[in-house]
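Chemist: Contents of coords_32.cif (mmCIF, C-alpha atoms) are given next:
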data_query
loop_
_atom_site.label_atom_id
_atom_site.label_comp_id
_atom_site.auth_asym_id
_atom_site.auth_seq_id
_atom_site.Cartn_x
_atom_site.Cartn_y
_atom_site.Cartn_z
CA MET A 257 -27.70 27.30 -43.05
CA THR A 258 -28.84 24.12 -41.34
CA THR A 259 -26.81 22.33 -38.70
CA ALA A 260 -25.78 19.48 -41.00
CA GLN A 261 -22.15 18.39 -40.66
CA TRP A 262 -19.43 20.51 -42.23
CA SER A 263 -16.17 18.66 -42.90
CA GLY A 264 -12.93 19.60 -44.57
CA SER A 265 -12.15 18.60 -48.15
CA THR A 266 -10.02 19.72 -51.09
CA ILE A 267 -13.20 21.16 -52.57
CA PRO A 268 -15.01 23.20 -49.89
CA LEU A 269 -18.59 22.52 -48.96
CA LEU A 270 -21.14 25.10 -50.04
CA GLY A 271 -24.37 26.37 -48.54
CA VAL A 272 -26.86 28.91 -49.88
CA GLU A 273 -29.55 31.04 -48.26
CA GLU A 274 -32.25 32.68 -50.38
CA GLU A 275 -34.70 35.40 -49.33
CA PHE A 276 -38.16 35.97 -50.82
CA LEU A 277 -40.99 38.49 -50.57
CA VAL A 278 -44.61 37.46 -50.02
CA VAL A 279 -47.14 39.10 -52.34
CA ASP A 280 -50.88 39.07 -52.84
CA ALA A 281 -51.93 36.66 -55.59
CA GLU A 282 -54.34 39.11 -57.21
CA ARG A 283 -52.79 42.57 -56.81
CA GLY A 284 -49.10 41.67 -56.56
CA GLU A 285 -48.60 43.87 -53.50
CA VAL A 286 -46.31 42.79 -50.68
CA ARG A 287 -48.18 41.22 -47.78
CA PRO A 288 -47.11 40.73 -44.12
CA GLU A 289 -47.98 37.03 -44.25
CA ALA A 290 -44.54 35.45 -44.14
CA ALA A 291 -45.34 33.48 -40.98
CA THR A 292 -48.38 31.92 -42.66
CA VAL A 293 -46.33 30.70 -45.63
CA VAL A 294 -43.51 29.45 -43.40
CA ASP A 295 -45.95 27.40 -41.31
CA LEU A 296 -47.49 25.87 -44.44
CA ALA A 297 -44.08 25.07 -45.97
CA ARG A 298 -42.45 23.66 -42.84
CA PRO A 299 -43.88 20.13 -43.18
CA VAL A 300 -41.93 19.86 -46.45
CA LEU A 301 -38.82 21.94 -45.68
CA GLY A 302 -38.46 21.55 -41.92
CA GLY A 303 -35.58 23.63 -40.58
CA ARG A 304 -34.65 24.79 -44.07
CA VAL A 305 -37.29 27.55 -43.96
CA GLY A 306 -37.82 30.44 -41.56
CA GLY A 307 -38.82 34.04 -41.17
CA GLU A 308 -36.74 37.18 -41.48
CA ILE A 309 -36.63 40.54 -39.74
CA THR A 310 -39.80 41.80 -41.46
CA GLU A 311 -43.16 40.09 -41.82
CA LEU A 312 -42.83 40.42 -45.61
CA GLN A 313 -39.81 38.13 -46.01
CA ILE A 314 -39.02 34.42 -45.93
CA GLU A 315 -35.62 32.74 -45.91
CA THR A 316 -34.74 29.24 -47.12
CA ARG A 317 -31.49 27.41 -46.48
CA THR A 318 -29.72 24.50 -48.12
CA ASP A 319 -27.76 21.78 -46.41
CA PRO A 320 -24.00 21.92 -47.03
CA CYS A 321 -23.11 20.23 -50.34
CA HIS A 322 -20.02 19.57 -52.41
CA ALA A 323 -21.89 19.42 -55.72
CA VAL A 324 -23.54 22.59 -57.01
CA ALA A 325 -26.10 20.37 -58.75
CA ASP A 326 -27.24 19.27 -55.28
CA ILE A 327 -27.41 22.91 -54.16
CA GLU A 328 -29.57 23.79 -57.15
CA ALA A 329 -31.86 20.81 -56.53
CA GLN A 330 -32.46 21.99 -52.96
CA LEU A 331 -33.10 25.54 -54.14
CA VAL A 332 -35.63 24.33 -56.72
CA GLU A 333 -37.33 22.16 -54.12
CA ALA A 334 -37.55 24.99 -51.59
CA ARG A 335 -38.91 27.47 -54.12
CA ALA A 336 -41.57 25.00 -55.24
CA ALA A 337 -42.55 24.23 -51.66
CA LEU A 338 -42.81 27.93 -50.81
CA GLN A 339 -44.86 28.76 -53.90
CA ALA A 340 -47.22 25.86 -53.30
CA ALA A 341 -47.63 26.82 -49.65
CA ALA A 342 -48.23 30.46 -50.53
CA GLY A 343 -50.82 29.45 -53.12
CA ARG A 344 -52.86 27.63 -50.50
CA ALA A 345 -53.16 30.94 -48.63
CA GLY A 346 -54.00 33.07 -51.69
CA LEU A 347 -50.46 34.39 -51.78
CA ARG A 348 -47.32 34.09 -53.89
CA VAL A 349 -43.57 34.44 -53.28
CA VAL A 350 -41.21 36.34 -55.57
CA ALA A 351 -37.44 36.30 -55.98
CA THR A 352 -36.39 39.93 -56.21
CA GLY A 353 -34.05 42.23 -54.32
CA SER A 354 -36.73 44.83 -53.61
CA PRO A 355 -40.54 45.12 -53.58
CA VAL A 356 -42.27 46.15 -56.79
CA LEU A 357 -45.76 46.95 -55.48
CA GLY A 358 -47.42 47.62 -52.13
CA ARG A 359 -46.55 49.32 -48.89
CA ALA A 360 -43.07 48.20 -47.98
CA VAL A 361 -41.91 51.40 -46.25
CA PRO A 362 -41.88 51.11 -43.32
CA PRO A 363 -42.20 47.32 -43.24
CA PRO A 364 -43.80 45.52 -40.30
CA ILE A 365 -40.93 44.27 -38.14
CA THR A 366 -41.26 40.90 -36.44
CA GLN A 367 -41.71 40.94 -32.67
CA GLY A 368 -39.12 40.10 -30.03
CA PRO A 369 -36.55 41.57 -27.62
CA ARG A 370 -33.80 41.50 -30.24
CA GLN A 371 -35.98 43.34 -32.73
CA ASP A 372 -36.84 45.89 -30.04
CA ARG A 373 -33.14 46.52 -29.46
CA GLY A 374 -32.67 46.87 -33.20
CA ASN A 375 -35.47 49.42 -33.46
CA ALA A 376 -33.96 51.41 -30.62
CA THR A 377 -30.48 51.26 -32.15
CA TYR A 378 -31.14 51.79 -35.86
CA ARG A 379 -34.43 53.71 -35.79
CA GLY A 380 -35.39 54.98 -39.25
CA LEU A 381 -32.90 52.67 -40.95
CA HIS A 382 -35.37 49.85 -40.29
CA ASP A 383 -37.79 51.58 -42.66
CA ASP A 384 -35.89 50.18 -45.64
CA LEU A 385 -35.43 46.56 -44.55
CA ALA A 386 -37.85 44.92 -46.99
CA ILE A 387 -34.96 43.85 -49.23
CA CYS A 388 -33.76 40.39 -50.22
CA ALA A 389 -30.39 38.84 -50.97
CA VAL A 390 -28.73 35.50 -51.61
CA HIS A 391 -25.97 34.48 -49.20
CA VAL A 392 -23.28 31.96 -50.09
CA HIS A 393 -21.35 30.07 -47.39
CA VAL A 394 -17.96 28.63 -48.38
CA GLU A 395 -16.34 26.22 -45.95
CA GLN A 396 -13.02 27.31 -44.45
CA PRO A 397 -10.57 25.24 -42.36
CA ASP A 398 -10.08 27.97 -39.74
CA ARG A 399 -11.02 31.59 -39.03
CA ASP A 400 -7.55 33.04 -39.61
CA ARG A 401 -7.45 31.64 -43.11
CA ALA A 402 -11.02 32.76 -43.70
CA VAL A 403 -10.25 36.43 -43.10
CA LEU A 404 -7.28 36.26 -45.47
CA VAL A 405 -9.42 34.63 -48.16
CA GLY A 406 -11.86 37.48 -47.57
CA ASN A 407 -9.10 40.01 -48.23
CA HIS A 408 -8.62 38.49 -51.67
CA LEU A 409 -12.36 38.51 -52.39
CA ARG A 410 -12.94 42.13 -51.31
CA PRO A 411 -11.96 43.71 -54.67
CA HIS A 412 -14.38 41.37 -56.48
CA LEU A 413 -17.48 42.34 -54.48
CA PRO A 414 -18.63 45.12 -56.87
CA VAL A 415 -18.49 42.76 -59.87
CA LEU A 416 -20.38 40.08 -57.94
CA LEU A 417 -23.00 42.71 -57.18
CA ALA A 418 -23.31 43.72 -60.83
CA LEU A 419 -23.75 40.08 -61.86
CA THR A 420 -26.75 39.68 -59.56
CA ALA A 421 -28.35 43.15 -59.79
CA ASN A 422 -32.10 42.58 -59.42
CA SER A 423 -33.75 45.43 -57.51
CA PRO A 424 -34.69 48.30 -59.85
CA TYR A 425 -38.01 49.23 -58.20
CA TRP A 426 -38.69 50.97 -54.90
CA ARG A 427 -41.92 52.52 -53.68
CA GLU A 428 -43.61 51.53 -56.94
CA ARG A 429 -41.22 53.47 -59.15
CA ASP A 430 -38.16 52.73 -61.24
CA THR A 431 -35.15 54.07 -59.36
CA GLY A 432 -32.91 54.11 -62.44
CA TYR A 433 -30.56 51.75 -60.61
CA ALA A 434 -30.04 48.06 -61.24
CA SER A 435 -29.51 47.33 -57.53
CA TRP A 436 -31.35 49.73 -55.26
CA ARG A 437 -31.12 47.17 -52.46
CA SER A 438 -27.35 47.58 -52.24
CA LEU A 439 -27.66 51.35 -51.91
CA THR A 440 -30.05 51.08 -48.99
CA TRP A 441 -27.40 49.12 -47.09
CA GLN A 442 -24.74 51.80 -47.50
CA ARG A 443 -26.36 53.92 -44.77
CA TRP A 444 -25.80 51.30 -42.09
CA PRO A 445 -22.73 51.53 -39.80
CA VAL A 446 -21.87 47.88 -40.48
CA ALA A 447 -22.45 47.48 -44.21
CA GLY A 448 -20.44 47.33 -47.42
CA PRO A 449 -17.09 45.53 -47.67
CA PRO A 450 -15.54 44.30 -44.42
CA PRO A 451 -12.37 45.92 -43.09
CA TYR A 452 -8.99 44.63 -44.21
CA VAL A 453 -7.63 42.50 -41.36
CA THR A 454 -4.96 39.80 -41.25
CA SER A 455 -6.15 37.60 -38.39
CA ALA A 456 -9.31 36.43 -36.68
CA GLN A 457 -8.11 38.28 -33.59
CA GLN A 458 -8.11 41.56 -35.49
CA TYR A 459 -11.51 40.75 -36.93
CA ASP A 460 -12.95 40.06 -33.47
CA ALA A 461 -11.35 43.20 -32.06
CA HIS A 462 -13.07 45.26 -34.75
CA ILE A 463 -16.41 43.71 -33.84
CA ASP A 464 -15.77 44.48 -30.18
CA LEU A 465 -15.11 48.09 -31.14
CA LEU A 466 -18.45 48.24 -32.98
CA LEU A 467 -20.24 46.68 -30.02
CA ASP A 468 -18.66 49.15 -27.59
CA ALA A 469 -19.70 52.02 -29.86
CA GLY A 470 -23.31 50.83 -29.87
CA ALA A 471 -23.28 50.20 -33.62
CA LEU A 472 -24.36 46.57 -33.22
CA VAL A 473 -27.26 44.93 -31.43
CA ASP A 474 -25.11 41.81 -31.21
CA SER A 475 -22.54 39.98 -33.33
CA GLY A 476 -25.35 38.77 -35.60
CA THR A 477 -26.07 42.29 -36.84
CA ILE A 478 -22.85 42.53 -38.81
CA PHE A 479 -24.27 43.34 -42.22
CA TRP A 480 -20.98 43.48 -44.10
CA ASP A 481 -21.13 42.11 -47.63
CA MET A 482 -18.77 39.36 -46.48
CA ARG A 483 -18.27 38.04 -42.98
CA LEU A 484 -17.21 35.07 -40.90
CA SER A 485 -20.27 33.06 -40.01
CA ALA A 486 -21.08 33.11 -36.30
CA ARG A 487 -22.55 29.58 -36.47
CA HIS A 488 -20.67 27.68 -39.18
CA PRO A 489 -17.03 27.22 -40.26
CA THR A 490 -17.60 29.36 -43.33
CA LEU A 491 -16.91 32.62 -45.05
CA GLU A 492 -20.29 34.11 -45.95
CA VAL A 493 -20.60 36.28 -49.09
CA ARG A 494 -23.68 38.50 -48.80
CA VAL A 495 -23.18 41.15 -51.49
CA ALA A 496 -25.67 39.83 -54.05
CA ASP A 497 -29.25 40.77 -54.78
CA MET A 498 -31.68 37.86 -54.70
CA PRO A 499 -31.56 36.26 -58.19
CA ILE A 500 -34.77 35.57 -60.08
CA THR A 501 -34.06 31.89 -60.75
CA ALA A 502 -32.58 29.00 -58.79
CA ALA A 503 -30.12 28.34 -61.62
CA GLU A 504 -28.72 31.86 -61.23
CA SER A 505 -28.25 31.42 -57.48
CA ALA A 506 -26.48 28.13 -58.13
CA GLY A 507 -24.21 29.66 -60.79
CA PHE A 508 -23.38 32.53 -58.47
CA ALA A 509 -22.54 30.11 -55.64
CA ALA A 510 -20.28 28.11 -57.95
CA LEU A 511 -18.35 31.23 -58.96
CA VAL A 512 -18.00 32.45 -55.37
CA ARG A 513 -16.61 29.10 -54.25
CA ALA A 514 -14.15 29.00 -57.14
CA LEU A 515 -12.91 32.50 -56.31
CA ALA A 516 -12.53 31.48 -52.66
CA MET A 517 -10.51 28.42 -53.72
CA VAL A 518 -8.18 30.55 -55.84
CA ALA A 519 -7.86 32.98 -52.94
CA GLY A 520 -7.11 30.10 -50.57
CA ALA A 521 -4.26 28.95 -52.80
CA ALA A 522 -2.82 32.48 -52.71
CA VAL A 523 -3.11 32.55 -48.91
CA ASP A 524 -1.26 29.23 -48.72
CA ARG A 525 1.58 30.90 -50.66
CA GLY A 526 1.78 33.63 -48.00
CA ASP A 527 -0.24 36.31 -49.80
CA GLU A 528 -2.48 38.17 -47.35
CA GLY A 529 -4.46 39.87 -50.11
CA PRO A 530 -4.45 43.26 -51.83
CA ARG A 531 -5.26 46.47 -50.01
CA THR A 532 -7.87 48.40 -51.97
CA ASP A 533 -8.38 52.15 -52.20
CA PRO A 534 -11.55 52.90 -50.18
CA ASP A 535 -12.62 55.63 -52.60
CA LEU A 536 -12.26 53.31 -55.60
CA MET A 537 -14.21 50.61 -53.77
CA ARG A 538 -17.02 53.05 -53.03
CA LEU A 539 -17.03 54.22 -56.64
CA ALA A 540 -17.04 50.65 -57.94
CA TYR A 541 -19.96 49.74 -55.67
CA TRP A 542 -21.97 52.74 -56.84
CA ARG A 543 -21.32 52.05 -60.50
CA ALA A 544 -22.22 48.36 -60.10
CA ALA A 545 -25.44 49.30 -58.33
CA ARG A 546 -26.36 51.81 -61.03
CA ASP A 547 -25.47 49.86 -64.16
CA GLY A 548 -25.53 46.20 -63.17
CA MET A 549 -24.47 44.18 -66.21
CA GLY A 550 -26.03 46.66 -68.61
CA GLY A 551 -23.27 49.26 -68.57
CA HIS A 552 -19.79 49.84 -67.21
CA GLY A 553 -18.04 49.16 -63.96
CA VAL A 554 -14.90 50.29 -62.18
CA GLU A 555 -11.88 48.02 -62.01
CA VAL A 556 -10.97 48.40 -58.35
CA GLY A 557 -7.25 47.83 -58.75
CA THR A 558 -6.77 50.50 -61.42
CA GLY A 559 -9.82 52.77 -61.35
CA ARG A 560 -10.42 52.09 -65.07
CA LEU A 561 -13.97 52.20 -66.37
CA LEU A 562 -14.65 48.98 -68.30
CA PRO A 563 -17.74 47.27 -69.71
CA ALA A 564 -19.38 45.16 -67.03
CA GLY A 565 -19.10 42.13 -69.28
CA VAL A 566 -15.33 42.56 -69.49
CA LEU A 567 -15.03 42.75 -65.70
CA ALA A 568 -17.16 39.63 -65.35
CA ALA A 569 -15.01 37.79 -67.91
CA GLN A 570 -11.88 38.76 -65.98
CA LEU A 571 -13.40 37.35 -62.81
CA VAL A 572 -14.28 34.05 -64.47
CA GLU A 573 -10.79 33.81 -65.96
CA LEU A 574 -9.32 34.26 -62.47
CA ALA A 575 -11.59 31.51 -61.18
CA ARG A 576 -10.99 29.15 -64.12
CA PRO A 577 -8.49 26.78 -62.42
CA ALA A 578 -10.88 26.18 -59.52
CA LEU A 579 -13.90 25.90 -61.83
CA ALA A 580 -12.03 23.19 -63.70
CA GLU A 581 -11.32 21.37 -60.44
CA THR A 582 -14.94 21.50 -59.28
CA GLY A 583 -16.39 20.85 -62.74
CA ASP A 584 -18.53 23.99 -62.50
CA GLY A 585 -17.11 25.79 -65.53
CA PRO A 586 -19.99 24.86 -67.85
CA ARG A 587 -22.58 25.87 -65.26
CA VAL A 588 -21.02 29.29 -64.74
CA GLY A 589 -20.65 29.65 -68.51
CA ARG A 590 -24.37 28.98 -69.03
CA TRP A 591 -25.27 31.51 -66.36
CA LEU A 592 -23.12 34.24 -67.91
CA ALA A 593 -24.39 33.42 -71.40
CA GLY A 594 -27.93 33.88 -70.11
CA LEU A 595 -27.02 37.26 -68.64
CA ALA A 596 -25.48 38.30 -71.95
CA ALA A 597 -28.57 37.22 -73.88
CA ASP A 598 -31.39 38.30 -71.56
CA GLY A 599 -29.77 40.85 -69.25
CA ASP A 600 -29.44 40.90 -65.50
CA GLY A 601 -32.46 40.61 -63.23
CA ALA A 602 -33.09 44.36 -63.26
CA THR A 603 -33.12 44.39 -67.06
CA ARG A 604 -35.60 41.52 -67.16
CA GLN A 605 -37.86 43.20 -64.60
CA ARG A 606 -37.92 46.35 -66.72
CA ALA A 607 -38.65 44.32 -69.85
CA ALA A 608 -41.67 42.84 -68.09
CA ALA A 609 -42.88 46.39 -67.40
CA ALA A 610 -42.68 47.38 -71.06
CA GLY A 611 -46.48 47.43 -71.28
CA GLY A 612 -46.63 50.04 -68.54
CA ARG A 613 -47.96 47.84 -65.72
CA LEU A 614 -45.93 46.92 -62.66
CA THR A 615 -48.34 44.05 -62.05
CA ASP A 616 -46.79 42.47 -65.14
CA VAL A 617 -43.40 42.59 -63.41
CA VAL A 618 -44.75 40.77 -60.36
CA ALA A 619 -46.49 38.20 -62.55
CA ALA A 620 -43.25 37.50 -64.39
CA LEU A 621 -41.38 37.17 -61.10
CA VAL A 622 -43.97 34.75 -59.71
CA THR A 623 -43.59 32.51 -62.76
CA ALA A 624 -39.79 32.61 -62.85
CA THR A 625 -39.33 32.10 -59.11
CA ALA A 626 -40.80 28.59 -59.22
CA PRO A 627 -41.66 27.77 -62.85
CA ASP A 628 -42.69 24.17 -62.13
CA VAL A 629 -45.52 25.14 -59.77
CA PRO A 630 -48.85 25.44 -61.62
CA ASP A 631 -50.77 28.64 -61.01
CA ARG A 632 -54.49 29.36 -61.16
CA GLN A 633 -55.09 31.79 -63.96
CA ASP A 634 -58.10 33.34 -62.24
CA SER A 635 -56.15 34.38 -59.17
CA THR A 636 -52.73 35.26 -60.53
CA VAL A 637 -51.44 38.81 -60.67
CA ALA A 638 -52.63 40.33 -63.94
#
For this file, write the structure as structure tokens.
Modeler:
Amino acid sequence: MTTAQWSGSTIPLLGVEEEFLVVDAERGEVRPEAATVVDLARPVLGGRVGGEITELQIETRTDPCHAVADIEAQLVEARAALQAAAGRAGLRVVATGSPVLGRAVPPPITQGPRQDRGNATYRGLHDDLAICAVHVHVEQPDRDRAVLVGNHLRPHLPVLLALTANSPYWRERDTGYASWRSLTWQRWPVAGPPPYVTSAQQYDAHIDLLLDAGALVDSGTIFWDMRLSARHPTLEVRVADMPITAAESAGFAALVRALAMVAGAAVDRGDEGPRTDPDLMRLAYWRAARDGMGGHGVEVGTGRLLPAGVLAAQLVELARPALAETGDGPRVGRWLAGLAADGDGATRQRAAAAGGRLTDVVAALVTATAPDVPDRQDSTVA
């Protein structure tokens, strides 16, 4: 997120961060040229673009906005600027949760004292860091309320993952999973759903425990799928794979905010949120990662196996009052209709590979990532 002003309102401000992989324009393989693309894009995007922990990744950030249409406009602008900048260097950027082609294991880690501490702490876990997500920031009036809102959102994290599943390939092979990215995170000591806590003091005490145990480099290496932002007055939802299109990221952000608004209303009534069975949460995560929207998922509250579409519909129904208040119901409806018609990101990546060439997957991702940026046919992945 940028440092633009956050201010309280009935409808919370939103911010979105998107992560991209840099690929070679001809072969479609990941390339450690993120810094080159960032430098070329910075005159257009300024502080809204930066590097990530590996030299393969780029992150863009929106300013805080009330209207999701404004969020989407910034996402479209950033994607176009990145793709145009990459093109000037004989490169491309792709919106995917995991690399399709090229040497991504181990990825080249960016240089710096913090990265050195991370390498010393996490060791071989850094080998699998070439993965990309979308992060949604939802404004919160205070940290105590934010953790309680998070308690209400925890059971929904597996469904939110299934809705955005977009990382079927790893090491140039189909893993059989819709979201391989999410599985790579499960090995980290600070990943998955956050702990159930009822105050910011408890939350901070848990982080102190992790720091004392040597499980964190610093408070910024909390990789939970939902966390309090260290820099902004927000609850940050990080569970999702990076969506292929800007419209999908915007629809996802709209749904997350609506769920947070419904949760906030419950908190205001004195409800601290449901406690979930850890085993059912783990099972629901695994099933969401395996099937995405193309199969079944686990209803965390009951353990029932239900079609992923049914679970998604239940989530939207829960969010409906807030979607009506924000006016985002039609946007979320269009997003879910697209998923029903064309499949989740993983399904679409596999469809692009139907001819047997993974270069076709990368080519499709290049086009969908920033469809308004013209591409030279003689240098595009083919």
Chemist: Taking a cut-off of 9 Å and counting only C-alpha atoms, can you build a table that, for each residue of stretch 427-534 of chain A near stretch 557-571 of chain A, reports the nearest atom pair and how far apart they are in Å (one decimal), sorted by chain then residue number, as a Markdown table?
Modeler:
| residue | atom | partner | partner_atom | distance |
| --- | --- | --- | --- | --- |
| A:Leu511 | CA | A:Leu571 | CA | 8.8 |
| A:Leu515 | CA | A:Leu571 | CA | 8.1 |
| A:Pro530 | CA | A:Gly557 | CA | 8.8 |
| A:Thr532 | CA | A:Gly557 | CA | 6.8 |
| A:Asp533 | CA | A:Gly557 | CA | 7.9 |
Chemist: Put those residues in a file: C-alpha atoms, as a tab-separated table (two decimals), in the coordinates of the input.
Modeler:
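Output (part.tsv):
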chain	number	residue	atom	x	y	z
A	511	LEU	CA	-18.35	31.23	-58.96
A	515	LEU	CA	-12.91	32.50	-56.31
A	530	PRO	CA	-4.45	43.26	-51.83
A	532	THR	CA	-7.87	48.40	-51.97
A	533	ASP	CA	-8.38	52.15	-52.20
Chemist: Evaluating the PyMOL selection byres ((chain A and resi 573-585) around 12) on the displayed file yields which residues, as a PyMOL selection string?
Modeler: chain A and resi 265-270+322-325+408-409+412+506-522+566-572+586-592
Chemist: I need the output of the PyMOL selection byres ((chain A and resi 349-356) around 8) for this file as a tab-separated table (two decimals) with C-alpha atoms, keeping the file's coordinate frame; which residues are they?
Modeler:
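Produced file part-v1.tsv, reproduced below:
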chain	number	residue	atom	x	y	z
A	275	GLU	CA	-34.70	35.40	-49.33
A	276	PHE	CA	-38.16	35.97	-50.82
A	277	LEU	CA	-40.99	38.49	-50.57
A	278	VAL	CA	-44.61	37.46	-50.02
A	279	VAL	CA	-47.14	39.10	-52.34
A	285	GLU	CA	-48.60	43.87	-53.50
A	286	VAL	CA	-46.31	42.79	-50.68
A	338	LEU	CA	-42.81	27.93	-50.81
A	339	GLN	CA	-44.86	28.76	-53.90
A	342	ALA	CA	-48.23	30.46	-50.53
A	347	LEU	CA	-50.46	34.39	-51.78
A	348	ARG	CA	-47.32	34.09	-53.89
A	357	LEU	CA	-45.76	46.95	-55.48
A	358	GLY	CA	-47.42	47.62	-52.13
A	360	ALA	CA	-43.07	48.20	-47.98
A	386	ALA	CA	-37.85	44.92	-46.99
A	387	ILE	CA	-34.96	43.85	-49.23
A	388	CYS	CA	-33.76	40.39	-50.22
A	389	ALA	CA	-30.39	38.84	-50.97
A	421	ALA	CA	-28.35	43.15	-59.79
A	422	ASN	CA	-32.10	42.58	-59.42
A	423	SER	CA	-33.75	45.43	-57.51
A	424	PRO	CA	-34.69	48.30	-59.85
A	425	TYR	CA	-38.01	49.23	-58.20
A	426	TRP	CA	-38.69	50.97	-54.90
A	427	ARG	CA	-41.92	52.52	-53.68
A	428	GLU	CA	-43.61	51.53	-56.94
A	429	ARG	CA	-41.22	53.47	-59.15
A	435	SER	CA	-29.51	47.33	-57.53
A	436	TRP	CA	-31.35	49.73	-55.26
A	437	ARG	CA	-31.12	47.17	-52.46
A	497	ASP	CA	-29.25	40.77	-54.78
A	498	MET	CA	-31.68	37.86	-54.70
A	499	PRO	CA	-31.56	36.26	-58.19
A	500	ILE	CA	-34.77	35.57	-60.08
A	501	THR	CA	-34.06	31.89	-60.75
A	614	LEU	CA	-45.93	46.92	-62.66
A	617	VAL	CA	-43.40	42.59	-63.41
A	618	VAL	CA	-44.75	40.77	-60.36
A	621	LEU	CA	-41.38	37.17	-61.10
A	622	VAL	CA	-43.97	34.75	-59.71
A	625	THR	CA	-39.33	32.10	-59.11
Chemist: When you look at A:Pro411 with a cut-off of 12 Å (counting all atoms listed in the file), what residues show up, excluding the ones that are within fewer than 4 positions of it in the same chain? I need them as a PyMOL selection string.
Modeler: chain A and resi 405-407+415-417+448-452+481-482+495+515+519+529-534+536-541+554-559+567+571
Chemist: Counting only C-alpha atoms, find residues at most 6 Å from (-20.2, 35.2, -49.6) (file frame) and give them as a PyMOL selection string.
Modeler: chain A and resi 391-393+482+492-494
Chemist: Given the choices A:Val361, A:Asp398, A:Ala502, A:Arg487, which gets closest to A:Pro627 if the distance is worked out from all atoms listed in the file?
Modeler: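 Distance minimum relative to A:Pro627 lands on A:Ala502.
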Chemist: Under the PyMOL selection byres ((chain A and resi 331) around 9), which residues of this model are included? Write them out as a PyMOL selection string.
Modeler: chain A and resi 272-274+316-318+326-330+332-336+502-503+505-506
Chemist: Atom CA of A:Pro489 and atom CA of A:Pro320, how far apart in Å?
Modeler: 11.1 Å
Chemist: For A:Leu467, which residue out of A:Val446, A:Ile309, A:Ala496, A:Val453 is the nearest one, using all atoms listed in the file?
Modeler: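 Nearest to A:Leu467: A:Val446.
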Chemist: Rank nothing, just name the residue among A:Val300, A:Ala376, A:Ala596, A:Ala607 nearest to A:Gly551, using all atoms listed in the file.
Modeler: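 Of A:Val300, A:Ala376, A:Ala596, A:Ala607, the one nearest A:Gly551, counting all atoms listed in the file, is A:Ala596.
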Chemist: In Å, with one decimal, what is the gap from atom CA of A:Val629 to atom CA of A:Gly307?
Modeler: 21.7 Å
Chemist: A:Arg401, A:His552, A:Arg304, A:Arg543: which is nearest A:Val523, counting all atoms listed in the file?
Modeler: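 Of the candidates, the smallest distance to A:Val523 is held by A:Arg401.
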Chemist: Mind pulling up the distance from atom CA of A:Leu404 to atom CA of A:Glu528?
Modeler: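 The value is 5.5 Å.
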Chemist: Using all atoms listed in the file for the distances, tell me which of A:Gly284, A:Gly526, A:Pro369, A:Gly374 is nearest to A:Leu472.
Modeler: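 Once distances to A:Leu472 are computed over all atoms listed in the file, the minimum belongs to A:Gly374.
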Chemist: Report the centre and edge lengths, in Å to one decimal, of an axis-aligned box enclosing every atom of stretch 490-507 of chain A listed in the file, padded by 6 Å on each side, as lines of an AutoDock Vina configuration file.
Modeler:
center_x = -25.8
center_y = 34.6
center_z = -52.5
size_x = 29.9
size_y = 25.0
size_z = 30.3
